[in-house]
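Asker: Dropping in data.pdb, with PDB, C-alpha atoms.
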```pdb
ATOM      1  CA  MET A  13       5.913 -49.386 -23.881
ATOM      2  CA  SER A  14       2.171 -49.601 -24.445
ATOM      3  CA  GLU A  15      -0.145 -46.714 -25.082
ATOM      4  CA  GLU A  16      -1.308 -46.943 -21.446
ATOM      5  CA  ASP A  17       2.072 -45.566 -20.422
ATOM      6  CA  ASN A  18       1.364 -42.327 -22.197
ATOM      7  CA  LEU A  19       0.627 -39.412 -19.869
ATOM      8  CA  HIS A  20      -2.625 -38.687 -21.661
ATOM      9  CA  ASP A  21      -4.272 -41.998 -20.824
ATOM     10  CA  ASN A  22      -7.064 -42.327 -18.302
ATOM     11  CA  SER A  23      -5.235 -44.509 -15.771
ATOM     12  CA  PRO A  24      -5.193 -43.053 -12.243
ATOM     13  CA  VAL A  25      -1.963 -41.691 -10.823
ATOM     14  CA  THR A  26      -0.804 -42.605  -7.324
ATOM     15  CA  GLY A  27      -3.122 -40.288  -5.473
ATOM     16  CA  LEU A  28      -6.675 -39.185  -4.945
ATOM     17  CA  ILE A  29      -8.432 -35.880  -5.200
ATOM     18  CA  ASP A  30     -11.579 -34.656  -3.507
ATOM     19  CA  THR A  31     -14.528 -33.311  -5.440
ATOM     20  CA  GLU A  32     -13.472 -29.711  -4.783
ATOM     21  CA  GLY A  33     -10.116 -30.196  -6.491
ATOM     22  CA  ASN A  34      -7.825 -30.491  -3.453
ATOM     23  CA  ALA A  35      -5.207 -33.245  -3.522
ATOM     24  CA  ASP A  36      -5.235 -35.685  -0.638
ATOM     25  CA  GLU A  37      -3.535 -38.859   0.631
ATOM     26  CA  ILE A  38      -4.598 -42.261  -0.641
ATOM     27  CA  GLU A  39      -7.416 -43.564   1.502
ATOM     28  CA  ALA A  40     -10.822 -45.196   1.203
ATOM     29  CA  ASP A  41     -13.317 -42.360   1.304
ATOM     30  CA  ASP A  42     -16.585 -41.985  -0.546
ATOM     31  CA  ASP A  43     -15.932 -38.235  -0.926
ATOM     32  CA  LEU A  44     -12.718 -38.847  -2.866
ATOM     33  CA  GLU A  45     -12.280 -39.882  -6.459
ATOM     34  CA  GLU A  46      -9.247 -41.016  -8.405
ATOM     35  CA  ILE A  47      -7.502 -38.437 -10.513
ATOM     36  CA  THR A  48      -5.766 -39.246 -13.770
ATOM     37  CA  ALA A  49      -2.390 -37.880 -14.845
ATOM     38  CA  GLN A  50      -4.097 -35.885 -17.576
ATOM     39  CA  LYS A  51      -6.319 -34.146 -15.031
ATOM     40  CA  VAL A  52      -3.310 -33.380 -12.831
ATOM     41  CA  LEU A  53      -1.518 -31.803 -15.789
ATOM     42  CA  GLU A  54      -4.578 -29.729 -16.736
ATOM     43  CA  PHE A  55      -4.874 -28.620 -13.104
ATOM     44  CA  LEU A  56      -1.223 -27.502 -13.071
ATOM     45  CA  GLU A  57      -1.605 -25.666 -16.375
ATOM     46  CA  THR A  58      -4.536 -23.710 -14.933
ATOM     47  CA  ALA A  59      -2.598 -23.054 -11.725
ATOM     48  CA  TRP A  60       0.291 -21.719 -13.817
ATOM     49  CA  THR A  61      -1.852 -19.326 -15.870
ATOM     50  CA  ASN A  62      -3.635 -18.164 -12.713
ATOM     51  CA  GLU A  63      -0.318 -17.574 -10.968
ATOM     52  CA  MET A  64       1.034 -15.619 -13.930
ATOM     53  CA  GLY A  65      -2.007 -13.380 -14.111
ATOM     54  CA  ALA A  66      -2.651 -12.808 -10.413
ATOM     55  CA  PRO A  67      -0.761  -9.922  -8.772
ATOM     56  CA  GLU A  68      -0.653 -11.759  -5.433
ATOM     57  CA  ILE A  69       0.619 -15.229  -4.655
ATOM     58  CA  LEU A  70      -2.059 -17.926  -4.753
ATOM     59  CA  MET A  71      -2.524 -21.159  -2.821
ATOM     60  CA  HIS A  72       0.358 -23.563  -3.364
ATOM     61  CA  GLN A  73      -0.252 -26.811  -5.255
ATOM     62  CA  SER A  74       2.595 -28.887  -3.852
ATOM     63  CA  GLU A  75       0.414 -32.018  -3.689
ATOM     64  CA  MET A  76      -0.259 -31.827  -7.417
ATOM     65  CA  ILE A  77       3.436 -31.211  -8.098
ATOM     66  CA  GLU A  78       4.313 -34.339  -6.125
ATOM     67  CA  LEU A  79       1.730 -36.394  -8.018
ATOM     68  CA  MET A  80       3.118 -35.218 -11.337
ATOM     69  CA  MET A  81       6.709 -35.866 -10.253
ATOM     70  CA  GLY A  82       5.691 -39.429  -9.485
ATOM     71  CA  GLN A  83       4.128 -39.770 -12.932
ATOM     72  CA  ILE A  84       7.290 -38.400 -14.564
ATOM     73  CA  ALA A  85       9.409 -40.950 -12.703
ATOM     74  CA  HIS A  86       7.015 -43.681 -13.878
ATOM     75  CA  MET A  87       7.298 -42.562 -17.496
ATOM     76  CA  GLU A  88      11.084 -42.304 -17.325
ATOM     77  CA  GLU A  89      11.259 -45.850 -15.958
ATOM     78  CA  ASN A  90       9.129 -47.186 -18.805
ATOM     79  CA  MET A  91      11.204 -45.311 -21.387
ATOM     80  CA  LYS A  92      14.334 -47.222 -20.381
ATOM     81  CA  ASP A  93      13.045 -50.222 -22.339
ATOM     82  CA  LEU A  94      12.713 -48.208 -25.558
ATOM     83  CA  ASN A  95      15.358 -47.676 -28.195
ATOM     84  CA  LYS A  96      16.278 -43.983 -28.384
ATOM     85  CA  SER A  97      15.733 -44.083 -32.137
ATOM     86  CA  ASP A  98      12.167 -45.327 -31.626
ATOM     87  CA  PHE A  99       9.589 -42.662 -32.497
ATOM     88  CA  ARG A 100       7.669 -43.504 -29.327
ATOM     89  CA  TYR A 101      10.740 -42.610 -27.277
ATOM     90  CA  VAL A 102      11.028 -39.260 -29.060
ATOM     91  CA  ALA A 103       7.332 -38.509 -28.571
ATOM     92  CA  HIS A 104       7.423 -39.380 -24.874
ATOM     93  CA  GLN A 105      10.618 -37.395 -24.378
ATOM     94  CA  MET A 106       9.020 -34.313 -25.935
ATOM     95  CA  GLU A 107       5.985 -34.724 -23.682
ATOM     96  CA  LEU A 108       8.204 -35.022 -20.616
ATOM     97  CA  GLU A 109      10.004 -31.826 -21.554
ATOM     98  CA  ARG A 110       6.669 -30.051 -21.952
ATOM     99  CA  ILE A 111       5.505 -31.224 -18.525
ATOM    100  CA  ARG A 112       8.763 -30.169 -16.910
ATOM    101  CA  TYR A 113       8.479 -26.755 -18.561
ATOM    102  CA  ILE A 114       4.987 -26.239 -17.110
ATOM    103  CA  MET A 115       6.061 -27.296 -13.631
ATOM    104  CA  VAL A 116       9.271 -25.227 -13.618
ATOM    105  CA  SER A 117       7.500 -22.164 -15.038
ATOM    106  CA  TYR A 118       4.806 -22.419 -12.369
ATOM    107  CA  LEU A 119       7.332 -22.699  -9.556
ATOM    108  CA  ARG A 120       9.519 -19.940 -11.015
ATOM    109  CA  CYS A 121       6.516 -17.606 -11.151
ATOM    110  CA  ARG A 122       5.814 -18.227  -7.463
ATOM    111  CA  LEU A 123       9.477 -17.780  -6.595
ATOM    112  CA  GLN A 124       9.545 -14.409  -8.347
ATOM    113  CA  LYS A 125       6.545 -13.220  -6.330
ATOM    114  CA  ILE A 126       8.151 -14.384  -3.097
ATOM    115  CA  GLU A 127      11.291 -12.425  -3.937
ATOM    116  CA  ASN A 128       9.341  -9.306  -4.927
ATOM    117  CA  PHE A 129       6.858  -9.258  -2.030
ATOM    118  CA  THR A 130       8.750 -11.189   0.649
ATOM    119  CA  LYS A 131       7.825  -9.207   3.748
ATOM    120  CA  HIS A 132       4.230  -8.637   2.647
ATOM    121  CA  ILE A 133       3.723 -12.359   1.970
ATOM    122  CA  LEU A 134       5.261 -13.367   5.303
ATOM    123  CA  ASP A 135       3.067 -10.878   7.151
ATOM    124  CA  GLN A 136      -0.030 -12.210   5.399
ATOM    125  CA  GLU A 137       0.945 -15.817   6.116
ATOM    126  CA  SER A 138       1.355 -15.088   9.820
ATOM    127  CA  THR A 139      -2.339 -14.130  10.034
ATOM    128  CA  ARG A 140      -3.686 -17.227   8.233
ATOM    129  CA  GLU A 141      -4.780 -20.524   9.707
ATOM    130  CA  THR A 142      -2.631 -23.555   8.939
ATOM    131  CA  ASN A 143      -5.007 -24.908   6.295
ATOM    132  CA  GLU A 144      -5.252 -21.472   4.652
ATOM    133  CA  LYS A 145      -1.541 -20.773   4.246
ATOM    134  CA  ARG A 146      -0.614 -20.150   0.627
ATOM    135  CA  LEU A 147       3.075 -21.033   0.856
ATOM    136  CA  SER A 148       4.311 -24.584   1.077
ATOM    137  CA  PRO A 149       6.654 -25.349   4.011
ATOM    138  CA  GLU A 150       9.623 -25.196   1.632
ATOM    139  CA  GLU A 151       8.504 -21.850   0.215
ATOM    140  CA  THR A 152       7.978 -20.465   3.718
ATOM    141  CA  LYS A 153      11.493 -21.472   4.728
ATOM    142  CA  PHE A 154      12.926 -19.887   1.575
ATOM    143  CA  ALA A 155      10.944 -16.668   2.099
ATOM    144  CA  GLN A 156      12.111 -16.313   5.695
ATOM    145  CA  GLU A 157      15.758 -16.926   4.803
ATOM    146  CA  TYR A 158      15.548 -14.611   1.783
ATOM    147  CA  TYR A 159      14.080 -11.815   3.898
ATOM    148  CA  GLU A 160      16.662 -12.219   6.653
ATOM    149  CA  ASN A 161      19.555 -12.264   4.187
ATOM    150  CA  THR A 162      18.204  -9.231   2.329
ATOM    151  CA  GLU A 163      17.742  -7.231   5.524
ATOM    152  CA  THR A 164      21.245  -8.150   6.699
ATOM    153  CA  TYR A 165      22.687  -7.037   3.377
ATOM    154  CA  PHE A 166      20.793  -3.726   3.379
ATOM    155  CA  GLN A 167      21.915  -3.079   6.949
ATOM    156  CA  LYS A 168      25.566  -3.611   6.049
ATOM    157  CA  VAL A 169      25.684  -1.630   2.816
ATOM    158  CA  ALA A 170      23.196   1.181   3.469
ATOM    159  CA  LEU A 171      21.026   1.384   6.559
ATOM    160  CA  GLN A 172      23.874   1.675   9.033
ATOM    161  CA  TYR A 173      24.910   4.873   7.265
ATOM    162  CA  MET A 174      21.405   6.363   7.509
ATOM    163  CA  PRO A 175      20.887   7.477  11.119
ATOM    164  CA  ASN A 176      17.471   8.925  10.277
ATOM    165  CA  MET A 177      16.194   5.600   9.017
ATOM    166  CA  GLN A 178      14.445   4.256  12.100
ATOM    167  CA  ARG A 179      13.203   0.694  12.451
ATOM    168  CA  SER A 180       9.674   2.057  12.787
ATOM    169  CA  GLU A 181       9.919   3.154   9.153
ATOM    170  CA  ALA A 182      10.581  -0.391   7.943
ATOM    171  CA  ASP A 183       6.906  -0.740   6.982
ATOM    172  CA  GLN A 184       7.414   1.929   4.341
ATOM    173  CA  ARG A 185       9.902  -0.336   2.579
ATOM    174  CA  ILE A 186       7.443  -3.205   2.185
ATOM    175  CA  VAL A 187       6.554  -3.835  -1.464
ATOM    176  CA  ARG A 188       2.921  -4.849  -1.930
ATOM    177  CA  PRO A 189       1.165  -6.193  -5.033
ATOM    178  CA  ASN A 190      -1.386  -3.997  -6.783
ATOM    179  CA  LEU A 191      -4.578  -5.937  -6.156
ATOM    180  CA  MET A 192      -6.634  -3.482  -8.201
ATOM    181  CA  SER A 193      -4.690  -4.169 -11.395
ATOM    182  CA  HIS A 194      -6.924  -5.344 -14.241
ATOM    183  CA  VAL A 195      -6.824  -8.978 -15.324
ATOM    184  CA  PHE A 196      -8.378 -11.091 -18.062
ATOM    185  CA  ILE A 197     -10.708 -13.779 -16.744
ATOM    186  CA  LYS A 198     -12.869 -16.559 -18.118
ATOM    187  CA  ALA A 199     -15.832 -17.834 -16.141
ATOM    188  CA  LYS A 200     -15.710 -21.621 -15.712
ATOM    189  CA  VAL A 201     -19.308 -21.690 -14.457
ATOM    190  CA  SER A 202     -22.160 -19.205 -14.242
ATOM    191  CA  VAL A 203     -21.529 -16.785 -11.383
ATOM    192  CA  PRO A 204     -24.394 -14.463 -10.361
ATOM    193  CA  SER A 205     -24.182 -11.037  -8.719
ATOM    194  CA  VAL A 206     -20.484 -10.199  -9.074
ATOM    195  CA  VAL A 207     -19.619  -6.687  -7.881
ATOM    196  CA  VAL A 208     -17.672  -4.959 -10.650
ATOM    197  CA  GLY A 209     -17.493  -1.311  -9.617
ATOM    198  CA  VAL A 210     -17.010   1.145  -6.788
ATOM    199  CA  ASP A 211     -20.745   1.843  -6.845
ATOM    200  CA  ASP A 212     -21.475  -1.826  -6.006
ATOM    201  CA  GLU A 213     -22.711  -2.452  -9.529
ATOM    202  CA  GLU A 214     -23.404  -6.156 -10.032
ATOM    203  CA  VAL A 215     -23.276  -8.322 -13.136
ATOM    204  CA  ASP A 216     -23.848 -12.003 -13.810
ATOM    205  CA  LEU A 217     -20.931 -13.903 -15.340
ATOM    206  CA  ALA A 218     -22.108 -16.452 -17.861
ATOM    207  CA  ALA A 219     -20.190 -19.709 -18.192
ATOM    208  CA  ASN A 220     -17.270 -19.407 -20.665
ATOM    209  CA  SER A 221     -17.688 -15.622 -20.886
ATOM    210  CA  GLN A 222     -14.530 -13.494 -20.812
ATOM    211  CA  HIS A 223     -14.008 -10.192 -19.041
ATOM    212  CA  ILE A 224     -11.445  -7.557 -18.033
ATOM    213  CA  ILE A 225     -11.876  -6.659 -14.380
ATOM    214  CA  PRO A 226      -9.854  -5.505 -11.351
ATOM    215  CA  TYR A 227      -8.285  -8.542  -9.723
ATOM    216  CA  GLN A 228      -9.465  -7.791  -6.190
ATOM    217  CA  LEU A 229     -13.105  -8.000  -7.241
ATOM    218  CA  ILE A 230     -12.796 -11.609  -8.395
ATOM    219  CA  ALA A 231      -9.959 -12.900  -6.193
ATOM    220  CA  ASP A 232     -12.316 -15.051  -4.139
ATOM    221  CA  LEU A 233     -13.807 -16.546  -7.324
ATOM    222  CA  ILE A 234     -10.353 -17.772  -8.339
ATOM    223  CA  GLN A 235      -9.919 -19.438  -4.958
ATOM    224  CA  LYS A 236     -13.313 -21.102  -5.430
ATOM    225  CA  ASP A 237     -12.280 -22.244  -8.944
ATOM    226  CA  GLN A 238     -15.272 -20.477 -10.497
ATOM    227  CA  VAL A 239     -13.166 -18.339 -12.836
ATOM    228  CA  LYS A 240      -9.663 -18.618 -14.229
ATOM    229  CA  LEU A 241      -7.149 -16.078 -15.483
ATOM    230  CA  ILE A 242      -6.234 -16.118 -19.155
TER     231      ILE A 242
END
```
Output the structure of this file as structure tokens.

Answerer:
Amino acid sequence: MSEEDNLHDNSPVTGLIDTEGNADEIEADDDLEEITAQKVLEFLETAWTNEMGAPEILMHQSEMIELMMGQIAHMEENMKDLNKSDFRYVAHQMELERIRYIMVSYLRCRLQKIENFTKHILDQESTRETNEKRLSPEETKFAQEYYENTETYFQKVALQYMPNMQRSEADQRIVRPNLMSHVFIKAKVSVPSVVVGVDDEEVDLAANSQHIIPYQLIADLIQKDQVKLI
């Protein structure tokens, strides 16, 4: 296998990405540019660290996951021609394990949030437009089934024995993330006039500067890819 088969080359993967970082289908469009496997991996690493640091669930990156799965399949196919005692095989195998770890850790982090904040997430999703929904179709299906199964279980083992527990009180059982929890951030670009306090105090975030700040105050900057969690 040649060096071009390595994940860290600059050859484009089977997909395109727009200039704002959103994955899209392959098509001829002047607003789209090819994305390399290395860029996809870096994007997923950032998505993972953001997901770990954010108290709420963020926008899903299923398109990037699919692109990387395709690249993994491509690498595995090329590795079939290598002898397992070849150092190149060992190096590529280690890289594949690292990529899988990043992908699985990212998805596991999202799954944990769905399990912890199921009802809250479903309620939030029901108010969002289709292109703004943060769960993938598969995650939405899982969340709905998980919530239904959990409610059925609670009803059987506890709620039916609590006559004072009315359905109207179900809202009190919803677990919500603490959006005012402090997080570590790093500005990817210069961001002017960021509100950082209850008194509407504003500061300018210099590029590459690091800060500790309540998550809710910079949540929109994460969505805009202007800052990242560290």

Asker: Residues near Arg112 of chain A, anyone? I mean within 12 Å using all atoms listed in the file, not counting same-chain ones fewer than 5 positions away, as a list in words.

Answerer: Leu53, Leu56, Glu57, Ile77, Met80, Met81, Gln83, Ile84, Ala85, Gln105, Met106, Glu107, Ser117, Tyr118, Leu119 and Arg120 of chain A

Asker: Put those residues in a file: C-alpha atoms, as a PDB file, in the frame of the given file.

Answerer:
```pdb
ATOM      1  CA  LEU A  53      -1.518 -31.803 -15.789  1.00  0.00           C
ATOM      2  CA  LEU A  56      -1.223 -27.502 -13.071  1.00  0.00           C
ATOM      3  CA  GLU A  57      -1.605 -25.666 -16.375  1.00  0.00           C
ATOM      4  CA  ILE A  77       3.436 -31.211  -8.098  1.00  0.00           C
ATOM      5  CA  MET A  80       3.118 -35.218 -11.337  1.00  0.00           C
ATOM      6  CA  MET A  81       6.709 -35.866 -10.253  1.00  0.00           C
ATOM      7  CA  GLN A  83       4.128 -39.770 -12.932  1.00  0.00           C
ATOM      8  CA  ILE A  84       7.290 -38.400 -14.564  1.00  0.00           C
ATOM      9  CA  ALA A  85       9.409 -40.950 -12.703  1.00  0.00           C
ATOM     10  CA  GLN A 105      10.618 -37.395 -24.378  1.00  0.00           C
ATOM     11  CA  MET A 106       9.020 -34.313 -25.935  1.00  0.00           C
ATOM     12  CA  GLU A 107       5.985 -34.724 -23.682  1.00  0.00           C
ATOM     13  CA  SER A 117       7.500 -22.164 -15.038  1.00  0.00           C
ATOM     14  CA  TYR A 118       4.806 -22.419 -12.369  1.00  0.00           C
ATOM     15  CA  LEU A 119       7.332 -22.699  -9.556  1.00  0.00           C
ATOM     16  CA  ARG A 120       9.519 -19.940 -11.015  1.00  0.00           C
TER      17      ARG A 120
END
```

Asker: How many Å separate atom CA of Ala218 of chain A from atom CA of Ile197 of chain A?

Answerer: 11.8 Å

Asker: Applied to the shown file, which residues does the PyMOL selection byres ((chain A and resi 239) around 12) return, written as a ChimeraX atom specification?

Answerer: /A:58-59,61-62,195-203,206,217-223,225,227,229-238,240-242

Asker: Those residues with C-alpha atoms, as a PDB file, in the frame of the given file please?

Answerer:
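And here's result13.pdb as it stands now:
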```
ATOM      1  CA  THR A  58      -4.536 -23.710 -14.933  1.00  0.00           C
ATOM      2  CA  ALA A  59      -2.598 -23.054 -11.725  1.00  0.00           C
ATOM      3  CA  THR A  61      -1.852 -19.326 -15.870  1.00  0.00           C
ATOM      4  CA  ASN A  62      -3.635 -18.164 -12.713  1.00  0.00           C
ATOM      5  CA  VAL A 195      -6.824  -8.978 -15.324  1.00  0.00           C
ATOM      6  CA  PHE A 196      -8.378 -11.091 -18.062  1.00  0.00           C
ATOM      7  CA  ILE A 197     -10.708 -13.779 -16.744  1.00  0.00           C
ATOM      8  CA  LYS A 198     -12.869 -16.559 -18.118  1.00  0.00           C
ATOM      9  CA  ALA A 199     -15.832 -17.834 -16.141  1.00  0.00           C
ATOM     10  CA  LYS A 200     -15.710 -21.621 -15.712  1.00  0.00           C
ATOM     11  CA  VAL A 201     -19.308 -21.690 -14.457  1.00  0.00           C
ATOM     12  CA  SER A 202     -22.160 -19.205 -14.242  1.00  0.00           C
ATOM     13  CA  VAL A 203     -21.529 -16.785 -11.383  1.00  0.00           C
ATOM     14  CA  VAL A 206     -20.484 -10.199  -9.074  1.00  0.00           C
ATOM     15  CA  LEU A 217     -20.931 -13.903 -15.340  1.00  0.00           C
ATOM     16  CA  ALA A 218     -22.108 -16.452 -17.861  1.00  0.00           C
ATOM     17  CA  ALA A 219     -20.190 -19.709 -18.192  1.00  0.00           C
ATOM     18  CA  ASN A 220     -17.270 -19.407 -20.665  1.00  0.00           C
ATOM     19  CA  SER A 221     -17.688 -15.622 -20.886  1.00  0.00           C
ATOM     20  CA  GLN A 222     -14.530 -13.494 -20.812  1.00  0.00           C
ATOM     21  CA  HIS A 223     -14.008 -10.192 -19.041  1.00  0.00           C
ATOM     22  CA  ILE A 225     -11.876  -6.659 -14.380  1.00  0.00           C
ATOM     23  CA  TYR A 227      -8.285  -8.542  -9.723  1.00  0.00           C
ATOM     24  CA  LEU A 229     -13.105  -8.000  -7.241  1.00  0.00           C
ATOM     25  CA  ILE A 230     -12.796 -11.609  -8.395  1.00  0.00           C
ATOM     26  CA  ALA A 231      -9.959 -12.900  -6.193  1.00  0.00           C
ATOM     27  CA  ASP A 232     -12.316 -15.051  -4.139  1.00  0.00           C
ATOM     28  CA  LEU A 233     -13.807 -16.546  -7.324  1.00  0.00           C
ATOM     29  CA  ILE A 234     -10.353 -17.772  -8.339  1.00  0.00           C
ATOM     30  CA  GLN A 235      -9.919 -19.438  -4.958  1.00  0.00           C
ATOM     31  CA  LYS A 236     -13.313 -21.102  -5.430  1.00  0.00           C
ATOM     32  CA  ASP A 237     -12.280 -22.244  -8.944  1.00  0.00           C
ATOM     33  CA  GLN A 238     -15.272 -20.477 -10.497  1.00  0.00           C
ATOM     34  CA  LYS A 240      -9.663 -18.618 -14.229  1.00  0.00           C
ATOM     35  CA  LEU A 241      -7.149 -16.078 -15.483  1.00  0.00           C
ATOM     36  CA  ILE A 242      -6.234 -16.118 -19.155  1.00  0.00           C
TER      37      ILE A 242
END
```

Asker: Select, from A:Met115, A:Val208, A:Cys121, A:Ala103, the residue with the minimum atom-to-atom distance to Ser74 of chain A, counting all atoms listed in the file.

Answerer: A:Met115

Asker: Provide the atom CA of Glu78 of chain A to atom CA of Glu137 of chain A distance in Å, to one decimal place.

Answerer: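 Separation of atom CA of Glu78 of chain A and atom CA of Glu137 of chain A: 22.5 Å.
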
Asker: On this structure, which residues satisfy the PyMOL selection byres ((chain A and resi 193) around 10), written as a VMD selection string?

Answerer: chain A and resid 65 to 67 189 to 192 194 to 195 225 to 228
